[in-house]
Each structure stands twice: as C-alpha cells, then as structure tokens.
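Colleague: The structure is given below, and queries will be raised subsequently.
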Amino acid sequence: MEFKVELGVRVANLGAVREALCAVDPAALADLDPLNPVLRVSANLSSGELQDLLARGGVDVAPGAIRPLPSNCCGGCGG
C-alpha cells in the first residue's frame, strides 16, 4: 500500500524510518516530499502497522496523520 504521513512540525530521521520499514518489508520505500511536510511510504503494511513502525523509527504520529492512498495498480504486470 501507499501512504502519505502528515508530519506537521515533526522531523523524521529518514534512515531510521527506512530501517524500521525494511526490517518488516524489504521492498518498502520511504521518502520525504521536498515541498510539504509529508512522508511518502510504499510498503506491504496496514495503517496501524505503519504507525507502530514509524514510532520505532522515532516518528510518533496520530492515526489520522496516516492517509492510505488508492491503488494505482493497472494489473498489467500480473502482480
């Protein structure tokens, strides 16, 4: 799933977040939106699991700060 996490004034240690995510999903991706205080995450996790992993990575956010995005899968690759 893809998520956008509103950080507000929080500062995310992207390395720690990536490490926590990849411990559970080695294919996970995370980056910071350069224009907004938003963490973008792609991982095989639920919103609750993501919230827990972010906390382990030093980013405590409320459940409402995590917004799951609709799938952009076209099915063309069969995955």
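Every chain in the structure tokens takes a letter, A first, then B, and so on in the order presented; its residues are numbered from 1, and the ligands are numbered from 1 following the presented order.
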Output as a PDB file with all heavy atoms, in the first residue's frame all residues of chain A that backbone DSSP marks as alpha helix (DSSP H).
Modeller:
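As written to disk, out39.pdb reads:
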```
ATOM      1  N   LEU A  14      14.908   9.896   8.281  1.00  0.00           N
ATOM      2  CA  LEU A  14      14.543   9.025   7.175  1.00  0.00           C
ATOM      3  C   LEU A  14      15.299   7.703   7.217  1.00  0.00           C
ATOM      4  O   LEU A  14      14.735   6.649   6.918  1.00  0.00           O
ATOM      5  CB  LEU A  14      14.760   9.743   5.843  1.00  0.00           C
ATOM      6  CG  LEU A  14      14.092   9.150   4.632  1.00  0.00           C
ATOM      7  CD1 LEU A  14      12.602   8.934   4.841  1.00  0.00           C
ATOM      8  CD2 LEU A  14      14.328  10.023   3.416  1.00  0.00           C
ATOM      9  N   GLY A  15      16.541   7.711   7.626  1.00  0.00           N
ATOM     10  CA  GLY A  15      17.313   6.477   7.726  1.00  0.00           C
ATOM     11  C   GLY A  15      16.711   5.517   8.737  1.00  0.00           C
ATOM     12  O   GLY A  15      16.585   4.318   8.471  1.00  0.00           O
ATOM     13  N   ALA A  16      16.313   6.024   9.895  1.00  0.00           N
ATOM     14  CA  ALA A  16      15.712   5.181  10.935  1.00  0.00           C
ATOM     15  C   ALA A  16      14.361   4.653  10.482  1.00  0.00           C
ATOM     16  O   ALA A  16      14.017   3.495  10.736  1.00  0.00           O
ATOM     17  CB  ALA A  16      15.571   5.965  12.233  1.00  0.00           C
ATOM     18  N   VAL A  17      13.597   5.487   9.794  1.00  0.00           N
ATOM     19  CA  VAL A  17      12.290   5.061   9.279  1.00  0.00           C
ATOM     20  C   VAL A  17      12.479   3.960   8.245  1.00  0.00           C
ATOM     21  O   VAL A  17      11.802   2.922   8.298  1.00  0.00           O
ATOM     22  CB  VAL A  17      11.511   6.257   8.681  1.00  0.00           C
ATOM     23  CG1 VAL A  17      10.288   5.782   7.914  1.00  0.00           C
ATOM     24  CG2 VAL A  17      11.114   7.230   9.774  1.00  0.00           C
ATOM     25  N   ARG A  18      13.388   4.151   7.321  1.00  0.00           N
ATOM     26  CA  ARG A  18      13.638   3.127   6.295  1.00  0.00           C
ATOM     27  C   ARG A  18      14.107   1.821   6.915  1.00  0.00           C
ATOM     28  O   ARG A  18      13.707   0.740   6.498  1.00  0.00           O
ATOM     29  CB  ARG A  18      14.657   3.629   5.281  1.00  0.00           C
ATOM     30  CG  ARG A  18      14.110   4.641   4.327  1.00  0.00           C
ATOM     31  CD  ARG A  18      15.174   5.102   3.361  1.00  0.00           C
ATOM     32  NE  ARG A  18      14.629   6.010   2.373  1.00  0.00           N
ATOM     33  CZ  ARG A  18      15.338   6.921   1.749  1.00  0.00           C
ATOM     34  NH1 ARG A  18      16.638   7.041   1.994  1.00  0.00           N
ATOM     35  NH2 ARG A  18      14.775   7.714   0.864  1.00  0.00           N
ATOM     36  N   GLU A  19      14.967   1.914   7.905  1.00  0.00           N
ATOM     37  CA  GLU A  19      15.466   0.712   8.565  1.00  0.00           C
ATOM     38  C   GLU A  19      14.328  -0.055   9.239  1.00  0.00           C
ATOM     39  O   GLU A  19      14.231  -1.279   9.113  1.00  0.00           O
ATOM     40  CB  GLU A  19      16.528   1.093   9.602  1.00  0.00           C
ATOM     41  CG  GLU A  19      17.216  -0.090  10.224  1.00  0.00           C
ATOM     42  CD  GLU A  19      18.342   0.330  11.154  1.00  0.00           C
ATOM     43  OE1 GLU A  19      19.046   1.304  10.849  1.00  0.00           O
ATOM     44  OE2 GLU A  19      18.505  -0.347  12.191  1.00  0.00           O
ATOM     45  N   ALA A  20      13.444   0.652   9.942  1.00  0.00           N
ATOM     46  CA  ALA A  20      12.313   0.002  10.606  1.00  0.00           C
ATOM     47  C   ALA A  20      11.372  -0.621   9.585  1.00  0.00           C
ATOM     48  O   ALA A  20      10.895  -1.748   9.768  1.00  0.00           O
ATOM     49  CB  ALA A  20      11.567   1.017  11.473  1.00  0.00           C
ATOM     50  N   LEU A  21      11.108   0.077   8.485  1.00  0.00           N
ATOM     51  CA  LEU A  21      10.217  -0.448   7.446  1.00  0.00           C
ATOM     52  C   LEU A  21      10.813  -1.676   6.767  1.00  0.00           C
ATOM     53  O   LEU A  21      10.135  -2.686   6.575  1.00  0.00           O
ATOM     54  CB  LEU A  21       9.936   0.619   6.390  1.00  0.00           C
ATOM     55  CG  LEU A  21       8.998   1.748   6.789  1.00  0.00           C
ATOM     56  CD1 LEU A  21       9.048   2.856   5.743  1.00  0.00           C
ATOM     57  CD2 LEU A  21       7.582   1.250   6.976  1.00  0.00           C
ATOM     58  N   CYS A  22      12.077  -1.586   6.397  1.00  0.00           N
ATOM     59  CA  CYS A  22      12.707  -2.681   5.651  1.00  0.00           C
ATOM     60  C   CYS A  22      12.933  -3.924   6.500  1.00  0.00           C
ATOM     61  O   CYS A  22      13.086  -5.016   5.953  1.00  0.00           O
ATOM     62  CB  CYS A  22      14.007  -2.204   5.013  1.00  0.00           C
ATOM     63  SG  CYS A  22      13.713  -1.100   3.615  1.00  0.00           S
ATOM     64  N   ALA A  23      12.918  -3.781   7.819  1.00  0.00           N
ATOM     65  CA  ALA A  23      13.018  -4.953   8.692  1.00  0.00           C
ATOM     66  C   ALA A  23      11.780  -5.834   8.542  1.00  0.00           C
ATOM     67  O   ALA A  23      11.850  -7.038   8.737  1.00  0.00           O
ATOM     68  CB  ALA A  23      13.193  -4.514  10.137  1.00  0.00           C
ATOM     69  N   VAL A  24      10.653  -5.222   8.182  1.00  0.00           N
ATOM     70  CA  VAL A  24       9.400  -5.961   8.021  1.00  0.00           C
ATOM     71  C   VAL A  24       9.097  -6.236   6.553  1.00  0.00           C
ATOM     72  O   VAL A  24       8.604  -7.293   6.193  1.00  0.00           O
ATOM     73  CB  VAL A  24       8.234  -5.165   8.664  1.00  0.00           C
ATOM     74  CG1 VAL A  24       6.907  -5.834   8.412  1.00  0.00           C
ATOM     75  CG2 VAL A  24       8.483  -5.009  10.146  1.00  0.00           C
ATOM     76  N   SER A  47      -2.291   0.480   8.010  1.00  0.00           N
ATOM     77  CA  SER A  47      -2.053   1.792   8.622  1.00  0.00           C
ATOM     78  C   SER A  47      -1.567   1.648  10.058  1.00  0.00           C
ATOM     79  O   SER A  47      -0.659   2.360  10.493  1.00  0.00           O
ATOM     80  CB  SER A  47      -3.331   2.638   8.592  1.00  0.00           C
ATOM     81  OG  SER A  47      -3.694   2.945   7.280  1.00  0.00           O
ATOM     82  N   GLY A  48      -2.164   0.724  10.818  1.00  0.00           N
ATOM     83  CA  GLY A  48      -1.757   0.510  12.206  1.00  0.00           C
ATOM     84  C   GLY A  48      -0.338  -0.006  12.312  1.00  0.00           C
ATOM     85  O   GLY A  48       0.432   0.422  13.186  1.00  0.00           O
ATOM     86  N   GLU A  49       0.017  -0.945  11.432  1.00  0.00           N
ATOM     87  CA  GLU A  49       1.388  -1.469  11.433  1.00  0.00           C
ATOM     88  C   GLU A  49       2.378  -0.366  11.082  1.00  0.00           C
ATOM     89  O   GLU A  49       3.454  -0.264  11.672  1.00  0.00           O
ATOM     90  CB  GLU A  49       1.514  -2.616  10.443  1.00  0.00           C
ATOM     91  CG  GLU A  49       0.780  -3.868  10.850  1.00  0.00           C
ATOM     92  CD  GLU A  49       0.689  -4.901   9.750  1.00  0.00           C
ATOM     93  OE1 GLU A  49       0.565  -4.520   8.552  1.00  0.00           O
ATOM     94  OE2 GLU A  49       0.741  -6.095  10.077  1.00  0.00           O
ATOM     95  N   LEU A  50       2.000   0.482  10.128  1.00  0.00           N
ATOM     96  CA  LEU A  50       2.872   1.593   9.745  1.00  0.00           C
ATOM     97  C   LEU A  50       3.047   2.547  10.914  1.00  0.00           C
ATOM     98  O   LEU A  50       4.158   3.005  11.183  1.00  0.00           O
ATOM     99  CB  LEU A  50       2.313   2.328   8.524  1.00  0.00           C
ATOM    100  CG  LEU A  50       3.090   3.557   8.080  1.00  0.00           C
ATOM    101  CD1 LEU A  50       4.534   3.213   7.742  1.00  0.00           C
ATOM    102  CD2 LEU A  50       2.400   4.206   6.887  1.00  0.00           C
ATOM    103  N   GLN A  51       1.975   2.854  11.624  1.00  0.00           N
ATOM    104  CA  GLN A  51       2.074   3.746  12.777  1.00  0.00           C
ATOM    105  C   GLN A  51       3.050   3.188  13.810  1.00  0.00           C
ATOM    106  O   GLN A  51       3.894   3.914  14.335  1.00  0.00           O
ATOM    107  CB  GLN A  51       0.702   3.963  13.394  1.00  0.00           C
ATOM    108  CG  GLN A  51       0.729   4.947  14.544  1.00  0.00           C
ATOM    109  CD  GLN A  51      -0.634   5.141  15.171  1.00  0.00           C
ATOM    110  OE1 GLN A  51      -1.567   4.379  14.925  1.00  0.00           O
ATOM    111  NE2 GLN A  51      -0.744   6.161  15.993  1.00  0.00           N
ATOM    112  N   ASP A  52       2.965   1.887  14.089  1.00  0.00           N
ATOM    113  CA  ASP A  52       3.876   1.256  15.046  1.00  0.00           C
ATOM    114  C   ASP A  52       5.325   1.314  14.565  1.00  0.00           C
ATOM    115  O   ASP A  52       6.237   1.620  15.337  1.00  0.00           O
ATOM    116  CB  ASP A  52       3.486  -0.208  15.279  1.00  0.00           C
ATOM    117  CG  ASP A  52       2.182  -0.358  16.036  1.00  0.00           C
ATOM    118  OD1 ASP A  52       1.732   0.619  16.687  1.00  0.00           O
ATOM    119  OD2 ASP A  52       1.596  -1.458  15.970  1.00  0.00           O
ATOM    120  N   LEU A  53       5.532   1.029  13.288  1.00  0.00           N
ATOM    121  CA  LEU A  53       6.901   1.049  12.749  1.00  0.00           C
ATOM    122  C   LEU A  53       7.475   2.462  12.740  1.00  0.00           C
ATOM    123  O   LEU A  53       8.657   2.650  13.012  1.00  0.00           O
ATOM    124  CB  LEU A  53       6.929   0.456  11.349  1.00  0.00           C
ATOM    125  CG  LEU A  53       6.792  -1.059  11.299  1.00  0.00           C
ATOM    126  CD1 LEU A  53       6.669  -1.530   9.858  1.00  0.00           C
ATOM    127  CD2 LEU A  53       7.972  -1.729  11.964  1.00  0.00           C
ATOM    128  N   LEU A  54       6.647   3.446  12.421  1.00  0.00           N
ATOM    129  CA  LEU A  54       7.122   4.826  12.449  1.00  0.00           C
ATOM    130  C   LEU A  54       7.542   5.214  13.861  1.00  0.00           C
ATOM    131  O   LEU A  54       8.564   5.880  14.045  1.00  0.00           O
ATOM    132  CB  LEU A  54       6.047   5.778  11.927  1.00  0.00           C
ATOM    133  CG  LEU A  54       5.772   5.709  10.429  1.00  0.00           C
ATOM    134  CD1 LEU A  54       4.588   6.600  10.063  1.00  0.00           C
ATOM    135  CD2 LEU A  54       6.999   6.099   9.628  1.00  0.00           C
ATOM    136  N   ALA A  55       6.762   4.789  14.849  1.00  0.00           N
ATOM    137  CA  ALA A  55       7.119   5.082  16.239  1.00  0.00           C
ATOM    138  C   ALA A  55       8.474   4.470  16.577  1.00  0.00           C
ATOM    139  O   ALA A  55       9.303   5.102  17.238  1.00  0.00           O
ATOM    140  CB  ALA A  55       6.037   4.570  17.175  1.00  0.00           C
ATOM    141  N   ARG A  56       8.734   3.248  16.110  1.00  0.00           N
ATOM    142  CA  ARG A  56      10.035   2.610  16.333  1.00  0.00           C
ATOM    143  C   ARG A  56      11.153   3.378  15.636  1.00  0.00           C
ATOM    144  O   ARG A  56      12.292   3.356  16.069  1.00  0.00           O
ATOM    145  CB  ARG A  56      10.030   1.176  15.831  1.00  0.00           C
ATOM    146  CG  ARG A  56       9.354   0.247  16.791  1.00  0.00           C
ATOM    147  CD  ARG A  56       9.579  -1.184  16.372  1.00  0.00           C
ATOM    148  NE  ARG A  56       8.272  -1.767  16.097  1.00  0.00           N
ATOM    149  CZ  ARG A  56       8.048  -2.812  15.349  1.00  0.00           C
ATOM    150  NH1 ARG A  56       9.032  -3.422  14.754  1.00  0.00           N
ATOM    151  NH2 ARG A  56       6.833  -3.261  15.178  1.00  0.00           N
TER     152      ARG A  56
END
```
Colleague: Rank A:Ala30, A:Val59, A:Val41, A:Cys74 by their smallest atom-to-atom distance to Val9 in chain A, using only C-alpha atoms, and report the top residue only.
Modeller: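 Nearest candidate to Val9 in chain A out of A:Ala30, A:Val59, A:Val41, A:Cys74: A:Val59.
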Colleague: Contacts of Asp33 in chain A at 12 Å or less, counting only C-alpha atoms, minus same-chain residues fewer than 3 places along, as a PyMOL selection string?
Modeller: chain A and resi 4-7+12+14+30+36-41
Colleague: What is the CA of Leu29 in chain A-CA of Leu45 in chain A distance in Å, reported with one decimal?
Modeller: 11.7 Å
Colleague: Could you state the separation of CA of Pro63 in chain A and CA of Phe3 in chain A in Å, given to one decimal place?
Modeller: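 CA of Phe3 in chain A lies 11.9 Å from CA of Pro63 in chain A.
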Colleague: Using DSSP assignments from the backbone, pull out every residue in chain A that falls under strand (DSSP E or B) and give it to me as a PyMOL selection string.
Modeller: chain A and resi 2-6+29-32+38-42+66-68
Colleague: Considering only C-alpha atoms, state which residue in the set A:Ile66, A:Leu35, A:Cys73, A:Val61 is at the smallest distance from Arg10 in chain A.
Modeller: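 That would be A:Val61, the residue with the smallest distance to Arg10 in chain A.
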